[in-house]
file coords.cif (mmCIF, C-alpha atoms)
data_input
#
loop_
_atom_site.group_PDB
_atom_site.id
_atom_site.type_symbol
_atom_site.label_atom_id
_atom_site.label_comp_id
_atom_site.auth_asym_id
_atom_site.auth_seq_id
_atom_site.Cartn_x
_atom_site.Cartn_y
_atom_site.Cartn_z
ATOM 1 C CA MET A 30 152.952 281.609 93.648
ATOM 2 C CA ASN A 31 150.365 283.710 91.816
ATOM 3 C CA PRO A 32 147.150 283.784 93.875
ATOM 4 C CA PHE A 33 145.223 285.011 90.807
ATOM 5 C CA PRO A 34 146.067 282.651 87.912
ATOM 6 C CA ASP A 35 142.866 283.522 86.013
ATOM 7 C CA ALA A 36 142.805 287.230 86.833
ATOM 8 C CA LYS A 37 142.942 289.941 84.197
ATOM 9 C CA VAL A 38 144.161 293.518 84.546
ATOM 10 C CA TYR A 39 142.801 295.956 81.955
ATOM 11 C CA LEU A 40 144.992 298.939 81.059
ATOM 12 C CA VAL A 41 143.486 302.048 79.482
ATOM 13 C CA ASP A 42 146.031 304.771 78.740
ATOM 14 C CA ASP A 43 146.737 306.793 75.583
ATOM 15 C CA ASP A 44 150.501 306.662 76.246
ATOM 16 C CA VAL A 45 151.866 303.548 74.529
ATOM 17 C CA GLY A 46 155.019 303.720 76.661
ATOM 18 C CA VAL A 47 152.967 303.554 79.858
ATOM 19 C CA ARG A 48 150.915 300.646 78.509
ATOM 20 C CA GLU A 49 154.015 298.692 77.532
ATOM 21 C CA ALA A 50 155.719 299.374 80.866
ATOM 22 C CA LEU A 51 152.641 298.285 82.811
ATOM 23 C CA SER A 52 152.181 295.181 80.691
ATOM 24 C CA TRP A 53 155.813 294.217 81.338
ATOM 25 C CA LEU A 54 155.478 294.896 85.052
ATOM 26 C CA LEU A 55 152.400 292.719 85.281
ATOM 27 C CA ARG A 56 154.069 289.907 83.331
ATOM 28 C CA THR A 57 156.917 289.893 85.858
ATOM 29 C CA ARG A 58 154.273 289.261 88.548
ATOM 30 C CA ARG A 59 152.563 286.607 86.394
ATOM 31 C CA LEU A 60 149.453 288.713 85.946
ATOM 32 C CA LEU A 61 147.592 288.702 82.631
ATOM 33 C CA SER A 62 146.652 292.024 81.067
ATOM 34 C CA ASP A 63 144.919 293.576 78.073
ATOM 35 C CA SER A 64 145.701 297.136 77.044
ATOM 36 C CA TYR A 65 143.712 299.820 75.228
ATOM 37 C CA GLY A 66 144.830 303.160 73.852
ATOM 38 C CA SER A 67 141.580 304.950 74.618
ATOM 39 C CA ALA A 68 138.362 304.734 76.583
ATOM 40 C CA GLU A 69 136.534 304.264 73.298
ATOM 41 C CA ALA A 70 138.675 301.213 72.458
ATOM 42 C CA PHE A 71 137.856 299.684 75.823
ATOM 43 C CA LEU A 72 134.148 300.333 75.311
ATOM 44 C CA ALA A 73 134.362 298.690 71.892
ATOM 45 C CA ASP A 74 135.547 295.407 73.427
ATOM 46 C CA GLU A 75 132.140 293.778 73.797
ATOM 47 C CA VAL A 76 133.524 290.700 75.554
ATOM 48 C CA VAL A 77 134.678 292.914 78.428
ATOM 49 C CA TRP A 78 131.954 295.508 78.397
ATOM 50 C CA ASN A 79 128.857 293.346 77.934
ATOM 51 C CA GLN A 80 129.748 290.379 80.100
ATOM 52 C CA GLU A 81 129.878 290.131 83.878
ATOM 53 C CA PRO A 82 133.355 288.999 84.975
ATOM 54 C CA GLU A 83 133.706 285.388 86.056
ATOM 55 C CA ALA A 84 137.343 285.762 87.155
ATOM 56 C CA PRO A 85 138.950 288.504 89.259
ATOM 57 C CA CYS A 86 139.804 291.640 87.324
ATOM 58 C CA CYS A 87 140.577 295.316 87.756
ATOM 59 C CA LEU A 88 140.978 298.366 85.548
ATOM 60 C CA LEU A 89 143.976 300.714 85.492
ATOM 61 C CA LEU A 90 142.568 303.890 84.016
ATOM 62 C CA ASP A 91 144.309 307.081 82.974
ATOM 63 C CA VAL A 92 142.453 310.180 84.123
ATOM 64 C CA ARG A 93 143.185 312.418 81.140
ATOM 65 C CA MET A 94 143.038 311.094 77.570
ATOM 66 C CA PRO A 95 142.032 312.480 74.166
ATOM 67 C CA GLY A 96 138.370 311.852 73.443
ATOM 68 C CA MET A 97 136.525 310.265 76.339
ATOM 69 C CA SER A 98 138.317 310.885 79.623
ATOM 70 C CA GLY A 99 138.990 308.223 82.195
ATOM 71 C CA LEU A 100 136.529 309.895 84.516
ATOM 72 C CA ALA A 101 133.781 309.733 81.874
ATOM 73 C CA LEU A 102 134.519 306.042 81.307
ATOM 74 C CA PHE A 103 134.330 305.447 85.047
ATOM 75 C CA GLU A 104 130.901 307.062 85.158
ATOM 76 C CA ARG A 105 129.783 304.719 82.360
ATOM 77 C CA LEU A 106 131.122 301.733 84.260
ATOM 78 C CA LYS A 107 129.231 302.757 87.369
ATOM 79 C CA THR A 108 125.948 302.199 85.525
ATOM 80 C CA LEU A 109 126.702 298.465 85.237
ATOM 81 C CA PRO A 110 125.168 296.256 87.950
ATOM 82 C CA TRP A 111 128.439 294.337 88.286
ATOM 83 C CA GLN A 112 130.842 297.297 88.319
ATOM 84 C CA ALA A 113 132.078 296.467 91.832
ATOM 85 C CA ALA A 114 133.515 293.249 90.379
ATOM 86 C CA MET A 115 135.958 295.388 88.343
ATOM 87 C CA PRO A 116 137.653 297.802 90.775
ATOM 88 C CA VAL A 117 139.102 300.889 89.129
ATOM 89 C CA ILE A 118 142.541 302.288 89.940
ATOM 90 C CA PHE A 119 143.119 305.696 88.370
ATOM 91 C CA LEU A 120 146.549 306.630 87.033
ATOM 92 C CA SER A 121 146.972 310.354 87.424
ATOM 93 C CA GLY A 122 149.514 313.035 86.740
ATOM 94 C CA HIS A 123 150.171 315.566 89.485
ATOM 95 C CA ALA A 124 147.619 318.033 88.076
ATOM 96 C CA ASP A 125 144.954 315.309 88.064
ATOM 97 C CA VAL A 126 145.324 314.231 91.696
ATOM 98 C CA PRO A 127 142.330 316.241 93.012
ATOM 99 C CA THR A 128 140.164 314.735 90.267
ATOM 100 C CA ALA A 129 141.393 311.228 91.080
ATOM 101 C CA VAL A 130 140.770 311.746 94.794
ATOM 102 C CA ASP A 131 137.228 312.856 94.007
ATOM 103 C CA ALA A 132 136.740 309.727 91.883
ATOM 104 C CA VAL A 133 137.812 307.553 94.817
ATOM 105 C CA LYS A 134 135.177 309.255 96.926
ATOM 106 C CA ARG A 135 132.627 308.300 94.241
ATOM 107 C CA GLY A 136 133.588 304.646 94.265
ATOM 108 C CA ALA A 137 136.945 304.120 92.545
ATOM 109 C CA PHE A 138 139.252 301.709 94.354
ATOM 110 C CA ASP A 139 142.285 304.018 94.464
ATOM 111 C CA PHE A 140 144.586 306.207 92.402
ATOM 112 C CA CYS A 141 148.327 306.073 91.780
ATOM 113 C CA GLU A 142 150.215 309.205 90.832
ATOM 114 C CA LYS A 143 152.615 309.085 87.890
ATOM 115 C CA PRO A 144 155.472 308.240 88.073
ATOM 116 C CA PHE A 145 154.357 305.430 90.364
ATOM 117 C CA SER A 146 156.247 302.930 92.478
ATOM 118 C CA ASP A 147 156.103 299.528 90.801
ATOM 119 C CA ASN A 148 155.803 297.640 94.076
ATOM 120 C CA ALA A 149 153.167 299.971 95.514
ATOM 121 C CA LEU A 150 151.096 299.788 92.331
ATOM 122 C CA VAL A 151 151.225 295.983 92.128
ATOM 123 C CA ASP A 152 150.299 295.771 95.814
ATOM 124 C CA ARG A 153 147.191 297.848 95.145
ATOM 125 C CA ILE A 154 146.388 295.812 92.020
ATOM 126 C CA GLU A 155 146.540 292.588 94.036
ATOM 127 C CA GLN A 156 144.318 294.132 96.699
ATOM 128 C CA ALA A 157 141.856 295.205 93.996
ATOM 129 C CA LEU A 158 141.874 291.672 92.567
ATOM 130 C CA THR A 159 141.174 290.283 96.033
ATOM 131 C CA GLN A 160 138.185 292.608 96.334
ATOM 132 C CA SER A 161 137.055 291.617 92.832
ATOM 133 C CA ALA A 162 137.205 287.923 93.758
ATOM 134 C CA GLN A 163 135.113 288.585 96.856
ATOM 135 C CA VAL A 164 132.487 290.536 94.908
ATOM 136 C CA ILE A 165 132.304 287.891 92.173
ATOM 137 C CA HIS A 166 131.889 285.147 94.773
ATOM 138 C CA GLN A 167 129.182 287.070 96.616
ATOM 139 C CA ARG A 168 127.262 287.803 93.416
ATOM 140 C CA ARG A 169 127.490 284.126 92.448
ATOM 141 C CA VAL A 170 126.149 283.105 95.869
ATOM 142 C CA GLN A 171 123.308 285.609 95.528
ATOM 143 C CA ARG A 172 122.395 284.320 92.058
ATOM 144 C CA GLU A 173 122.367 280.722 93.256
ATOM 145 C CA TRP A 174 120.309 281.716 96.278
ATOM 146 C CA ARG A 175 117.749 283.538 94.152
ATOM 147 C CA GLN A 176 117.451 280.436 91.981
ATOM 148 C CA ARG A 177 116.849 278.313 95.064
ATOM 149 C CA MET A 178 114.280 280.804 96.353
ATOM 150 C CA ASP A 179 112.501 280.800 92.994
ATOM 151 C CA SER A 180 112.174 277.013 93.216
ATOM 152 C CA LEU A 181 110.047 277.267 96.378
ATOM 153 C CA THR A 182 106.274 277.090 96.188
ATOM 154 C CA ASP A 183 104.205 279.792 97.866
ATOM 155 C CA ARG A 184 103.345 277.436 100.728
ATOM 156 C CA GLU A 185 106.988 276.471 101.176
ATOM 157 C CA ARG A 186 107.865 280.154 101.411
ATOM 158 C CA ASP A 187 105.185 280.645 104.069
ATOM 159 C CA VAL A 188 106.570 277.745 106.077
ATOM 160 C CA MET A 189 110.147 278.963 105.617
ATOM 161 C CA ASP A 190 109.337 282.460 106.894
ATOM 162 C CA LEU A 191 107.777 281.104 110.071
ATOM 163 C CA VAL A 192 110.511 278.511 110.630
ATOM 164 C CA VAL A 193 113.203 281.180 110.255
ATOM 165 C CA ALA A 194 111.265 283.329 112.731
ATOM 166 C CA GLY A 195 111.803 280.539 115.265
ATOM 167 C CA LEU A 196 108.304 279.076 115.465
ATOM 168 C CA PRO A 197 108.012 275.355 116.235
ATOM 169 C CA ASN A 198 106.091 273.129 113.833
ATOM 170 C CA LYS A 199 102.938 273.185 115.969
ATOM 171 C CA LEU A 200 102.692 276.988 115.886
ATOM 172 C CA VAL A 201 103.519 277.073 112.170
ATOM 173 C CA ALA A 202 100.677 274.613 111.583
ATOM 174 C CA ASP A 203 98.287 276.710 113.680
ATOM 175 C CA GLN A 204 99.132 279.941 111.875
ATOM 176 C CA LEU A 205 98.826 278.418 108.405
ATOM 177 C CA GLY A 206 95.815 276.244 109.195
ATOM 178 C CA ILE A 207 97.523 273.021 108.131
ATOM 179 C CA SER A 208 98.559 269.845 109.912
ATOM 180 C CA VAL A 209 101.862 269.408 111.715
ATOM 181 C CA ARG A 210 102.697 266.568 109.329
ATOM 182 C CA THR A 211 102.179 268.886 106.344
ATOM 183 C CA VAL A 212 104.463 271.432 107.978
ATOM 184 C CA GLU A 213 107.100 268.755 108.422
ATOM 185 C CA VAL A 214 106.878 267.808 104.743
ATOM 186 C CA HIS A 215 107.152 271.429 103.586
ATOM 187 C CA ARG A 216 109.959 272.112 106.040
ATOM 188 C CA SER A 217 111.930 269.128 104.735
ATOM 189 C CA ARG A 218 111.436 270.254 101.136
ATOM 190 C CA VAL A 219 112.553 273.793 102.001
ATOM 191 C CA PHE A 220 115.741 272.488 103.607
ATOM 192 C CA ASP A 221 116.457 270.266 100.599
ATOM 193 C CA LYS A 222 115.888 273.016 98.049
ATOM 194 C CA MET A 223 117.874 275.593 100.006
ATOM 195 C CA GLY A 224 120.724 273.156 100.697
ATOM 196 C CA VAL A 225 120.611 273.458 104.496
ATOM 197 C CA LYS A 226 120.073 271.057 107.385
ATOM 198 C CA SER A 227 118.600 273.269 110.110
ATOM 199 C CA ALA A 228 116.568 276.401 110.695
ATOM 200 C CA VAL A 229 119.639 278.143 112.128
ATOM 201 C CA GLU A 230 121.674 277.338 109.015
ATOM 202 C CA LEU A 231 118.810 278.569 106.838
ATOM 203 C CA ALA A 232 118.533 281.848 108.775
ATOM 204 C CA ASN A 233 122.305 282.418 108.532
ATOM 205 C CA ALA A 234 122.268 281.672 104.809
ATOM 206 C CA LEU A 235 119.407 284.099 104.255
ATOM 207 C CA ARG A 236 121.314 286.839 106.056
ATOM 208 C CA GLY A 237 124.508 286.091 104.134
ATOM 209 C CA ALA A 238 122.753 286.221 100.767
ATOM 210 C CA SER A 239 120.933 289.477 101.447
#

call {"tool": "encode", "arguments": {"input": "coords.cif", "output": "structure tokens"}}
result
Amino acid sequence: MNPFPDAKVYLVDDDVGVREALSWLLRTRRLLSDSYGSAEAFLADEVVWNQEPEAPCCLLLDVRMPGMSGLALFERLKTLPWQAAMPVIFLSGHADVPTAVDAVKRGAFDFCEKPFSDNALVDRIEQALTQSAQVIHQRRVQREWRQRMDSLTDRERDVMDLVVAGLPNKLVADQLGISVRTVEVHRSRVFDKMGVKSAVELANALRGAS
């Protein structure tokens, strides 16, 4: 059973034979793919380039191509705030291995040397898709959390900070110069807006979203 039914693998390689072989390999594993003959062609696909991924994805990228190299494209990708959601696996010839290793040190997911083992490559692709899914989920959680935080009033934020610090309602009231009943009202609203039921749950959620 395919654990990534909505995933997409992007192939960027100037060798049409490599692209066709990879596309076939991925189809046998029930993985969707789009292929591009150059880095420039990939950059021209605005749907991919200008939109943060909503489903797991990864990029198989040839190191050496006419025009823009795979390494140059990788550097462009690194400028995107969501780049971690699209792990990059470099495809390298023997002469390009040192370059690919250096790219991994700078944030690429991995590299596979040509000719590559089909099983080993698909294993790494699935691992990259797993990482992509985790990053996408975490970024979604962070966006939702920021929206919840933005919905708080200044006073609710003050109360939240002191509640998370472990202060009881009486001490929160004393520090803010308000009544205990007002603290209770603000505390209840904070819990509702943040989707939690206790101060401990709120503190854990804050740590997880940071």

call {"tool": "atom_distance", "arguments": {"input": "coords.cif", "atom1": "atom CA of Ala36 of chain A", "atom2": "atom CA of Ala84 of chain A"}}
result
5.7 Å

call {"tool": "closest_residue", "arguments": {"input": "coords.cif", "among": "A:Ala149, A:Ala228, A:Val76, A:Val41", "to": "Ser62 of chain A", "atoms": "only C-alpha atoms"}}
result
A:Val41

call {"tool": "closest_residue", "arguments": {"input": "coords.cif", "among": "A:Val188, A:Val92, A:Ile118, A:Leu60", "to": "Leu205 of chain A", "atoms": "all atoms listed in the file"}}
result
A:Val188

call {"tool": "residues_around", "arguments": {"input": "coords.cif", "residues": "segment 172-181 of chain A", "least_positions_apart": "3", "cutoff": "10 Å", "atoms": "all atoms listed in the file", "output": "PyMOL selection string"}}
result
chain A and resi 166-169+184-187+189+215+218-219+221-224+234-235+237-239

call {"tool": "axis_aligned_box", "arguments": {"input": "coords.cif", "around": "segment 217-228 of chain A", "padding_each_side": "5 Å", "output": "AutoDock Vina command-line options"}}
result
--center_x 116.1 --center_y 272.8 --center_z 104.4 --size_x 19.3 --size_y 17.3 --size_z 22.6

call {"tool": "closest_residue", "arguments": {"input": "coords.cif", "among": "A:Pro95, A:Gly206, A:Pro34, A:Pro116", "to": "Leu158 of chain A", "atoms": "all atoms listed in the file"}}
result
A:Pro116

call {"tool": "closest_residue", "arguments": {"input": "coords.cif", "among": "A:Leu61, A:Gly122, A:Gly96, A:Leu72", "to": "Asp43 of chain A", "atoms": "all atoms listed in the file"}}
result
A:Gly96

call {"tool": "residues_near_point", "arguments": {"input": "coords.cif", "point": "(135.0, 289.2, 85.9)", "cutoff": "8 Å", "atoms": "only C-alpha atoms", "output": "list in words"}}
result
Gln80, Glu81, Pro82, Glu83, Ala84, Pro85, Cys86, Ala114, Met115, Ser161 and Ile165 of chain A

call {"tool": "atom_distance", "arguments": {"input": "coords.cif", "atom1": "atom CA of Val45 of chain A", "atom2": "atom CA of Glu69 of chain A"}}
result
15.4 Å

call {"tool": "closest_residue", "arguments": {"input": "coords.cif", "among": "A:Lys37, A:Lys143, A:Arg236, A:Lys134", "to": "Leu120 of chain A", "atoms": "all atoms listed in the file"}}
result
A:Lys143

call {"tool": "atom_distance", "arguments": {"input": "coords.cif", "atom1": "atom CA of Gly136 of chain A", "atom2": "atom CA of Thr108 of chain A"}}
result
11.9 Å

call {"tool": "resolve_selection", "arguments": {"input": "coords.cif", "expression": "the PyMOL selection byres ((chain A and resi 66) around 8)", "output": "ChimeraX atom specification"}}
result
/A:41-45,64-65,67-68,70
